[in-house]
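K.L.:
Dropping the structure in here first, questions after.
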Amino acid sequence: MSLYVLSVYGALGVGSIGRELIPIVFKRYEANSNLKSGNKVTTKKKTDLNIKGYSEPIYLEEVQSILSNKLDAISIATKYQEDKSEKYEYTHLKTQNIPPFLTFEAYQRAHPTSNPVALRAVFDSFSNSLGGINSISPITAQERIDEYTNNINEMVRRLNRSKVLGLSAFIFVLLLLGFVDYLTIYHLWRGFFPEWNGFMDLPYSLFDEKVGISVLPKYFVWEIPDI
């Protein structure tokens, strides 16, 4: 029985870690879906970059205006940080005068007139994440900005690829959680209620007076049985 019990604890531990991801992803997806540009209809033709996963099309002209900011990523992170206390630390670096992390809020304040949907897309492209992130190393961000300035297709490719990979990984996590839940229920049953037959004729057996959930406490194994 001890092997079953250990399996239950292991499955619960893995499941709890995976389930923490679900509300985070959905919250970020909802936040991105609610973004609106507020732009009025204009006769000026814009170039759609064909970036998927956002509430509105992402246009080349709007992205270029964001990338052309005179301040680099480190300057934005330093000038527009919310407070002067360090919320993140570079644990792998020991040098002095390390710039603070670049947050999405700071990036927004540095581009007050930019399309918020395009701004979110640009910031998301700094990392490989399904729902995007809210902070990143300004060094990494500046490397991406320089890369996109030379070739905007790199941003399009990175965003669309991260969405596909992220969605695939998320679906895999959901399938894995379903399998883990099955293992948890099975080992819980065989480890603590080995003689209970409530799963023999689902779903009716669960509500049967003789073998259903109501008689489950009678079958609980308090001690390891003698073999």
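Going through the structure tokens in order, the chains are called A, B, and so on, while each chain numbers its residues from 1 and the ligands are numbered from 1 in the order shown.
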Could you list, as a VMD selection string, every residue within 6 Å of region 208-222 of chain A, counting only C-alpha atoms and ignoring same-chain residues fewer than 2 positions away?

P.N.:
chain A and resid 192 to 193 196 to 198 205 to 206

K.L.:
Now that the selection is made, can you save its residues with N, CA, C and O atoms as an mmCIF file, in the first residue's frame?

P.N.:
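Here's the written file part.cif:
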data_model
loop_
_atom_site.group_PDB
_atom_site.id
_atom_site.type_symbol
_atom_site.label_atom_id
_atom_site.label_comp_id
_atom_site.auth_asym_id
_atom_site.auth_seq_id
_atom_site.Cartn_x
_atom_site.Cartn_y
_atom_site.Cartn_z
ATOM 1 N N PHE A 192 -5.932 3.191 -0.549
ATOM 2 C CA PHE A 192 -6.678 3.409 0.687
ATOM 3 C C PHE A 192 -8.001 2.642 0.737
ATOM 4 O O PHE A 192 -8.524 2.386 1.811
ATOM 5 N N PHE A 193 -8.555 2.291 -0.438
ATOM 6 C CA PHE A 193 -9.844 1.580 -0.478
ATOM 7 C C PHE A 193 -9.744 0.394 -1.440
ATOM 8 O O PHE A 193 -10.509 0.305 -2.415
ATOM 9 N N TRP A 196 -13.000 -1.598 -2.232
ATOM 10 C CA TRP A 196 -14.205 -0.857 -2.645
ATOM 11 C C TRP A 196 -14.437 -1.041 -4.134
ATOM 12 O O TRP A 196 -13.513 -0.950 -4.940
ATOM 13 N N ASN A 197 -15.673 -1.290 -4.533
ATOM 14 C CA ASN A 197 -16.005 -1.579 -5.927
ATOM 15 C C ASN A 197 -16.885 -0.495 -6.552
ATOM 16 O O ASN A 197 -17.662 -0.777 -7.462
ATOM 17 N N GLY A 198 -16.753 0.718 -6.073
ATOM 18 C CA GLY A 198 -17.595 1.798 -6.562
ATOM 19 C C GLY A 198 -17.330 2.204 -7.992
ATOM 20 O O GLY A 198 -18.158 2.885 -8.608
ATOM 21 N N SER A 205 -22.757 2.911 -10.241
ATOM 22 C CA SER A 205 -22.206 2.282 -9.040
ATOM 23 C C SER A 205 -21.832 3.308 -7.980
ATOM 24 O O SER A 205 -21.820 3.000 -6.788
ATOM 25 N N LEU A 206 -21.520 4.542 -8.388
ATOM 26 C CA LEU A 206 -21.147 5.577 -7.413
ATOM 27 C C LEU A 206 -22.316 5.949 -6.509
ATOM 28 O O LEU A 206 -22.120 6.450 -5.399
#

K.L.:
Using only C-alpha atoms, find each residue of region 151-210 of chain A with at least one atom at most 9 Å away from an atom of region 125-145 of chain A; report its shortest atom-to-atom pair and that distance in Å (one decimal), sort the rows by chain and rising residue number, and return the result as CSV.

P.N.:
residue,atom,partner,partner_atom,distance
A:Glu154,CA,A:Arg144,CA,8.9
A:Met155,CA,A:Ser125,CA,6.3
A:Val156,CA,A:Ser125,CA,8.3
A:Arg158,CA,A:Ser125,CA,6.4
A:Leu159,CA,A:Ser125,CA,5.5
A:Arg161,CA,A:Asn128,CA,8.3
A:Ser162,CA,A:Asn128,CA,5.2
A:Lys163,CA,A:Leu130,CA,5.2
A:Val164,CA,A:Leu130,CA,8.0
A:Leu165,CA,A:Leu130,CA,7.7
A:Gly166,CA,A:Leu130,CA,4.5
A:Leu167,CA,A:Leu130,CA,6.4
A:Ala169,CA,A:Leu130,CA,8.9
A:Phe170,CA,A:Leu130,CA,8.4

K.L.:
Could you give me, as number ranges by chain, the residues within 8 Å of Ala118 (chain A), counting only C-alpha atoms and dropping anything in the same chain fewer than 3 positions from it?

P.N.:
A: 58-59, 62-63, 114-115, 121-122

K.L.:
List every residue of region 31-219 of chain A that DSSP, applied to the backbone, labels as helix (DSSP H, G or I), and write the result as a compact mmCIF listing (two decimals) with N, CA, C and O atoms, in the first residue's frame.

P.N.:
# COMPACT_ATOMS: atom_id res chain seq x y z
N ALA A 31 -6.35 39.36 -20.98
CA ALA A 31 -5.83 40.74 -20.99
C ALA A 31 -5.46 41.17 -22.41
O ALA A 31 -5.76 42.29 -22.82
N ASN A 32 -4.84 40.27 -23.17
CA ASN A 32 -4.48 40.60 -24.55
C ASN A 32 -5.71 40.75 -25.43
O ASN A 32 -5.76 41.60 -26.32
N SER A 33 -6.74 39.93 -25.16
CA SER A 33 -7.96 39.98 -25.96
C SER A 33 -8.73 41.27 -25.73
O SER A 33 -9.46 41.74 -26.62
N LEU A 60 2.68 47.28 -39.58
CA LEU A 60 4.11 47.57 -39.68
C LEU A 60 4.42 48.99 -39.24
O LEU A 60 5.38 49.23 -38.49
N GLU A 61 3.63 49.95 -39.69
CA GLU A 61 3.90 51.36 -39.39
C GLU A 61 3.84 51.63 -37.89
O GLU A 61 4.64 52.42 -37.35
N GLU A 62 2.92 50.99 -37.18
CA GLU A 62 2.79 51.20 -35.74
C GLU A 62 3.95 50.56 -34.99
O GLU A 62 4.44 51.10 -34.00
N VAL A 63 4.37 49.40 -35.46
CA VAL A 63 5.51 48.73 -34.84
C VAL A 63 6.79 49.53 -35.05
O VAL A 63 7.61 49.69 -34.13
N GLN A 64 6.96 50.05 -36.23
CA GLN A 64 8.17 50.82 -36.53
C GLN A 64 8.26 52.08 -35.67
O GLN A 64 9.36 52.47 -35.25
N SER A 65 7.12 52.71 -35.39
CA SER A 65 7.13 53.90 -34.54
C SER A 65 7.53 53.56 -33.11
O SER A 65 8.14 54.37 -32.41
N ILE A 66 7.20 52.36 -32.68
CA ILE A 66 7.59 51.91 -31.34
C ILE A 66 9.08 51.60 -31.29
O ILE A 66 9.79 51.99 -30.35
N LEU A 67 9.55 50.90 -32.29
CA LEU A 67 10.96 50.51 -32.33
C LEU A 67 11.90 51.70 -32.50
O LEU A 67 13.08 51.62 -32.14
N ALA A 73 16.38 50.41 -24.48
CA ALA A 73 15.64 49.64 -23.47
C ALA A 73 16.16 49.88 -22.06
O ALA A 73 15.38 49.96 -21.10
N ILE A 74 17.46 50.01 -21.92
CA ILE A 74 18.04 50.24 -20.58
C ILE A 74 17.62 51.61 -20.06
O ILE A 74 17.28 51.76 -18.88
N SER A 75 17.61 52.61 -20.91
CA SER A 75 17.19 53.96 -20.50
C SER A 75 15.72 53.98 -20.11
O SER A 75 15.33 54.64 -19.14
N ILE A 76 14.89 53.25 -20.86
CA ILE A 76 13.46 53.18 -20.53
C ILE A 76 13.26 52.50 -19.19
O ILE A 76 12.48 52.95 -18.35
N ALA A 77 13.97 51.38 -18.98
CA ALA A 77 13.84 50.65 -17.71
C ALA A 77 14.27 51.51 -16.53
O ALA A 77 13.67 51.45 -15.45
N THR A 78 15.30 52.31 -16.72
CA THR A 78 15.81 53.15 -15.64
C THR A 78 14.92 54.37 -15.40
O THR A 78 14.62 54.73 -14.26
N LYS A 79 14.47 55.00 -16.46
CA LYS A 79 13.72 56.25 -16.35
C LYS A 79 12.27 56.03 -15.91
O LYS A 79 11.72 56.82 -15.13
N PHE A 104 6.60 45.93 -18.52
CA PHE A 104 5.67 46.35 -19.55
C PHE A 104 5.07 47.71 -19.21
O PHE A 104 4.81 48.53 -20.10
N GLU A 105 4.86 47.98 -17.91
CA GLU A 105 4.34 49.29 -17.50
C GLU A 105 5.31 50.41 -17.87
O GLU A 105 4.89 51.48 -18.33
N ALA A 106 6.59 50.17 -17.66
CA ALA A 106 7.59 51.18 -18.04
C ALA A 106 7.61 51.38 -19.55
O ALA A 106 7.72 52.51 -20.05
N TYR A 107 7.46 50.29 -20.30
CA TYR A 107 7.45 50.37 -21.75
C TYR A 107 6.22 51.14 -22.24
O TYR A 107 6.29 51.89 -23.22
N GLN A 108 5.10 50.98 -21.54
CA GLN A 108 3.90 51.74 -21.88
C GLN A 108 4.10 53.23 -21.64
O GLN A 108 3.69 54.06 -22.47
N ARG A 109 4.71 53.57 -20.51
CA ARG A 109 4.93 54.98 -20.20
C ARG A 109 5.91 55.64 -21.17
O ARG A 109 5.83 56.84 -21.41
N ALA A 110 6.80 54.84 -21.74
CA ALA A 110 7.74 55.38 -22.71
C ALA A 110 7.10 55.57 -24.09
O ALA A 110 7.67 56.27 -24.93
N PRO A 116 -1.81 50.34 -28.16
CA PRO A 116 -1.53 49.38 -27.09
C PRO A 116 -1.46 47.94 -27.55
O PRO A 116 -0.75 47.13 -26.95
N VAL A 117 -2.20 47.60 -28.62
CA VAL A 117 -2.14 46.24 -29.13
C VAL A 117 -0.77 45.97 -29.76
O VAL A 117 -0.14 44.94 -29.50
N ALA A 118 -0.30 46.91 -30.57
CA ALA A 118 1.02 46.76 -31.19
C ALA A 118 2.12 46.79 -30.12
O ALA A 118 3.11 46.06 -30.22
N LEU A 119 1.93 47.62 -29.11
CA LEU A 119 2.92 47.72 -28.03
C LEU A 119 3.03 46.40 -27.27
O LEU A 119 4.12 45.95 -26.94
N ARG A 120 1.88 45.78 -27.01
CA ARG A 120 1.86 44.49 -26.32
C ARG A 120 2.55 43.43 -27.17
O ARG A 120 3.30 42.59 -26.66
N ALA A 121 2.31 43.47 -28.48
CA ALA A 121 2.93 42.49 -29.37
C ALA A 121 4.45 42.64 -29.40
O ALA A 121 5.18 41.65 -29.37
N VAL A 122 4.91 43.88 -29.47
CA VAL A 122 6.35 44.13 -29.48
C VAL A 122 6.99 43.61 -28.19
O VAL A 122 8.02 42.93 -28.22
N PHE A 123 6.36 43.92 -27.06
CA PHE A 123 6.93 43.48 -25.78
C PHE A 123 6.88 41.96 -25.65
O PHE A 123 7.80 41.34 -25.12
N ASP A 124 5.79 41.33 -26.13
CA ASP A 124 5.69 39.88 -26.09
C ASP A 124 6.79 39.23 -26.90
O ASP A 124 7.26 38.13 -26.56
N PRO A 138 16.51 44.28 -19.89
CA PRO A 138 16.59 45.30 -20.94
C PRO A 138 17.68 45.01 -21.96
O PRO A 138 17.60 45.47 -23.10
N ILE A 139 18.67 44.23 -21.55
CA ILE A 139 19.73 43.85 -22.49
C ILE A 139 19.15 42.95 -23.58
O ILE A 139 19.40 43.14 -24.78
N THR A 140 18.35 41.97 -23.15
CA THR A 140 17.69 41.08 -24.11
C THR A 140 16.71 41.85 -24.98
O THR A 140 16.65 41.65 -26.20
N ALA A 141 15.96 42.75 -24.36
CA ALA A 141 14.98 43.55 -25.11
C ALA A 141 15.66 44.38 -26.18
O ALA A 141 15.18 44.47 -27.32
N GLN A 142 16.80 45.00 -25.84
CA GLN A 142 17.50 45.84 -26.82
C GLN A 142 18.07 45.01 -27.96
O GLN A 142 18.08 45.45 -29.12
N GLU A 143 18.51 43.79 -27.65
CA GLU A 143 19.00 42.91 -28.70
C GLU A 143 17.88 42.59 -29.69
O GLU A 143 18.10 42.56 -30.90
N ARG A 144 16.67 42.35 -29.15
CA ARG A 144 15.52 42.08 -30.03
C ARG A 144 15.15 43.32 -30.85
O ARG A 144 14.85 43.21 -32.04
N ILE A 145 15.17 44.48 -30.22
CA ILE A 145 14.83 45.72 -30.93
C ILE A 145 15.78 45.96 -32.10
O ILE A 145 15.36 46.30 -33.21
N ASP A 146 17.07 45.78 -31.84
CA ASP A 146 18.06 45.95 -32.91
C ASP A 146 17.83 44.95 -34.03
O ASP A 146 17.97 45.27 -35.22
N GLU A 147 17.47 43.73 -33.64
CA GLU A 147 17.22 42.68 -34.62
C GLU A 147 16.00 43.02 -35.49
O GLU A 147 16.04 42.86 -36.72
N TYR A 148 14.94 43.51 -34.85
CA TYR A 148 13.72 43.84 -35.59
C TYR A 148 13.90 45.08 -36.47
O TYR A 148 13.27 45.18 -37.53
N THR A 149 14.72 45.99 -36.01
CA THR A 149 14.97 47.19 -36.81
C THR A 149 15.61 46.83 -38.14
O THR A 149 15.32 47.44 -39.18
N ASN A 150 16.48 45.83 -38.10
CA ASN A 150 17.14 45.39 -39.33
C ASN A 150 16.25 44.49 -40.17
O ASN A 150 16.35 44.49 -41.41
N ASN A 153 10.70 40.96 -40.13
CA ASN A 153 10.17 39.61 -40.27
C ASN A 153 10.59 38.70 -39.13
O ASN A 153 9.92 37.70 -38.84
N GLU A 154 11.70 39.04 -38.47
CA GLU A 154 12.15 38.26 -37.33
C GLU A 154 11.15 38.35 -36.18
O GLU A 154 10.90 37.38 -35.48
N MET A 155 10.58 39.51 -35.99
CA MET A 155 9.57 39.70 -34.95
C MET A 155 8.31 38.90 -35.28
O MET A 155 7.74 38.24 -34.40
N VAL A 156 7.86 38.98 -36.53
CA VAL A 156 6.68 38.24 -36.96
C VAL A 156 6.89 36.74 -36.77
O VAL A 156 6.04 36.04 -36.23
N ARG A 157 8.04 36.27 -37.20
CA ARG A 157 8.36 34.84 -37.10
C ARG A 157 8.43 34.41 -35.63
O ARG A 157 7.92 33.34 -35.26
N ARG A 158 9.06 35.23 -34.80
CA ARG A 158 9.21 34.88 -33.39
C ARG A 158 7.86 34.83 -32.68
O ARG A 158 7.58 33.90 -31.90
N LEU A 159 6.99 35.81 -32.94
CA LEU A 159 5.69 35.85 -32.29
C LEU A 159 4.81 34.68 -32.71
O LEU A 159 4.21 34.00 -31.87
N ASN A 160 4.70 34.44 -34.01
CA ASN A 160 3.85 33.35 -34.49
C ASN A 160 4.38 31.99 -34.05
O ASN A 160 3.60 31.09 -33.71
N ARG A 161 5.70 31.85 -34.03
CA ARG A 161 6.28 30.58 -33.60
C ARG A 161 6.05 30.35 -32.11
O ARG A 161 5.70 29.24 -31.69
N SER A 162 6.21 31.40 -31.30
CA SER A 162 6.01 31.25 -29.86
C SER A 162 4.56 30.92 -29.53
O SER A 162 4.28 30.17 -28.59
N LYS A 163 3.61 31.46 -30.32
CA LYS A 163 2.20 31.17 -30.09
C LYS A 163 1.91 29.69 -30.38
O LYS A 163 1.21 29.02 -29.63
N VAL A 164 2.47 29.18 -31.50
CA VAL A 164 2.25 27.78 -31.86
C VAL A 164 2.88 26.85 -30.83
O VAL A 164 2.25 25.90 -30.34
N LEU A 165 4.15 27.13 -30.48
CA LEU A 165 4.84 26.29 -29.51
C LEU A 165 4.20 26.39 -28.13
O LEU A 165 4.04 25.38 -27.43
N GLY A 166 3.82 27.60 -27.74
CA GLY A 166 3.20 27.79 -26.43
C GLY A 166 1.85 27.10 -26.34
O GLY A 166 1.54 26.47 -25.32
N LEU A 167 1.04 27.20 -27.39
CA LEU A 167 -0.27 26.55 -27.39
C LEU A 167 -0.12 25.03 -27.36
O LEU A 167 -0.85 24.33 -26.65
N SER A 168 0.85 24.52 -28.12
CA SER A 168 1.10 23.07 -28.12
C SER A 168 1.52 22.59 -26.74
O SER A 168 1.07 21.56 -26.26
N ALA A 169 2.40 23.38 -26.10
CA ALA A 169 2.86 23.01 -24.76
C ALA A 169 1.72 23.07 -23.75
O ALA A 169 1.61 22.22 -22.85
N PHE A 170 0.83 24.06 -23.90
CA PHE A 170 -0.30 24.21 -22.99
C PHE A 170 -1.26 23.04 -23.13
O PHE A 170 -1.76 22.50 -22.12
N ILE A 171 -1.55 22.63 -24.37
CA ILE A 171 -2.42 21.48 -24.59
C ILE A 171 -1.79 20.21 -24.02
O ILE A 171 -2.47 19.38 -23.40
N PHE A 172 -0.47 20.09 -24.18
CA PHE A 172 0.23 18.93 -23.62
C PHE A 172 0.11 18.91 -22.10
O PHE A 172 -0.08 17.85 -21.49
N VAL A 173 0.22 20.09 -21.47
CA VAL A 173 0.08 20.18 -20.01
C VAL A 173 -1.31 19.74 -19.57
O VAL A 173 -1.48 19.02 -18.59
N LEU A 174 -2.34 20.18 -20.31
CA LEU A 174 -3.71 19.79 -19.98
C LEU A 174 -3.90 18.27 -20.09
O LEU A 174 -4.53 17.65 -19.22
N LEU A 175 -3.35 17.68 -21.14
CA LEU A 175 -3.43 16.23 -21.30
C LEU A 175 -2.67 15.52 -20.19
O LEU A 175 -3.13 14.50 -19.66
N LEU A 176 -1.51 16.06 -19.84
CA LEU A 176 -0.71 15.48 -18.77
C LEU A 176 -1.44 15.56 -17.44
O LEU A 176 -1.42 14.60 -16.64
N LEU A 177 -2.11 16.69 -17.19
CA LEU A 177 -2.87 16.83 -15.95
C LEU A 177 -4.01 15.83 -15.88
O LEU A 177 -4.31 15.28 -14.82
N GLY A 178 -4.66 15.60 -17.03
CA GLY A 178 -5.73 14.60 -17.05
C GLY A 178 -5.19 13.22 -16.72
O GLY A 178 -5.82 12.46 -15.96
N PHE A 179 -4.02 12.88 -17.26
CA PHE A 179 -3.41 11.59 -16.96
C PHE A 179 -3.00 11.50 -15.50
O PHE A 179 -3.17 10.46 -14.84
N VAL A 180 -2.46 12.60 -14.97
CA VAL A 180 -2.06 12.63 -13.56
C VAL A 180 -3.28 12.47 -12.65
O VAL A 180 -3.22 11.78 -11.64
N ASP A 181 -4.40 13.11 -13.01
CA ASP A 181 -5.62 12.97 -12.22
C ASP A 181 -6.10 11.52 -12.21
O ASP A 181 -6.57 11.02 -11.18
N TYR A 182 -5.99 10.88 -13.36
CA TYR A 182 -6.38 9.46 -13.43
C TYR A 182 -5.50 8.63 -12.50
O TYR A 182 -6.00 7.78 -11.75
N LEU A 183 -4.18 8.86 -12.56
CA LEU A 183 -3.28 8.12 -11.69
C LEU A 183 -3.56 8.39 -10.22
O LEU A 183 -3.50 7.49 -9.38
N THR A 184 -3.88 9.66 -9.90
CA THR A 184 -4.17 10.01 -8.51
C THR A 184 -5.39 9.27 -7.99
O THR A 184 -5.37 8.67 -6.90
N ILE A 185 -6.46 9.30 -8.79
CA ILE A 185 -7.70 8.63 -8.37
C ILE A 185 -7.49 7.13 -8.27
O ILE A 185 -7.93 6.48 -7.31
N TYR A 186 -6.79 6.56 -9.26
CA TYR A 186 -6.57 5.12 -9.26
C TYR A 186 -5.75 4.66 -8.04
O TYR A 186 -6.11 3.71 -7.35
N HIS A 187 -4.64 5.36 -7.78
CA HIS A 187 -3.79 4.95 -6.67
C HIS A 187 -4.43 5.29 -5.32
O HIS A 187 -4.17 4.59 -4.32
N LEU A 188 -5.23 6.34 -5.28
CA LEU A 188 -5.97 6.64 -4.05
C LEU A 188 -6.95 5.51 -3.76
O LEU A 188 -7.09 5.07 -2.62
N TRP A 189 -7.60 5.05 -4.81
CA TRP A 189 -8.56 3.95 -4.67
C TRP A 189 -7.86 2.67 -4.24
O TRP A 189 -8.23 2.04 -3.25
N ARG A 190 -6.81 2.27 -4.98
CA ARG A 190 -6.15 1.00 -4.69
C ARG A 190 -5.31 1.05 -3.42
O ARG A 190 -5.06 0.01 -2.80
N GLY A 191 -4.88 2.25 -3.03
CA GLY A 191 -4.04 2.35 -1.84
C GLY A 191 -4.81 2.45 -0.54
O GLY A 191 -4.42 1.87 0.47
N PHE A 192 -5.93 3.19 -0.55
CA PHE A 192 -6.68 3.41 0.69
C PHE A 192 -8.00 2.64 0.74
O PHE A 192 -8.52 2.39 1.81
N TYR A 204 -23.39 4.57 -12.40
CA TYR A 204 -24.46 4.16 -11.47
C TYR A 204 -23.91 3.59 -10.18
O TYR A 204 -24.52 3.75 -9.11
N SER A 205 -22.76 2.91 -10.24
CA SER A 205 -22.21 2.28 -9.04
C SER A 205 -21.83 3.31 -7.98
O SER A 205 -21.82 3.00 -6.79
N LEU A 206 -21.52 4.54 -8.39
CA LEU A 206 -21.15 5.58 -7.41
C LEU A 206 -22.32 5.95 -6.51
O LEU A 206 -22.12 6.45 -5.40
N PHE A 207 -23.52 5.72 -6.97
CA PHE A 207 -24.71 6.11 -6.20
C PHE A 207 -25.46 4.90 -5.66
O PHE A 207 -26.55 5.03 -5.10
N ILE A 213 -20.58 5.79 -3.08
CA ILE A 213 -19.76 6.71 -2.27
C ILE A 213 -20.19 6.72 -0.82
O ILE A 213 -19.37 6.93 0.09
N SER A 214 -21.46 6.49 -0.55
CA SER A 214 -21.97 6.55 0.82
C SER A 214 -21.33 5.51 1.73
O SER A 214 -21.24 5.71 2.95
N VAL A 215 -20.87 4.38 1.17
CA VAL A 215 -20.26 3.33 2.00
C VAL A 215 -18.73 3.36 1.91
O VAL A 215 -18.07 2.47 2.43
N LEU A 216 -18.19 4.38 1.28
CA LEU A 216 -16.74 4.47 1.08
C LEU A 216 -15.95 4.41 2.39
O LEU A 216 -14.92 3.73 2.46
N PRO A 217 -16.37 5.10 3.47
CA PRO A 217 -15.59 5.05 4.72
C PRO A 217 -15.42 3.65 5.30
O PRO A 217 -14.43 3.39 5.99
N LYS A 218 -16.34 2.75 4.99
CA LYS A 218 -16.25 1.39 5.53
C LYS A 218 -15.07 0.61 4.95
O LYS A 218 -14.61 -0.36 5.55
N TYR A 219 -14.62 1.03 3.79
CA TYR A 219 -13.57 0.29 3.10
C TYR A 219 -12.19 0.92 3.28
O TYR A 219 -11.23 0.47 2.69
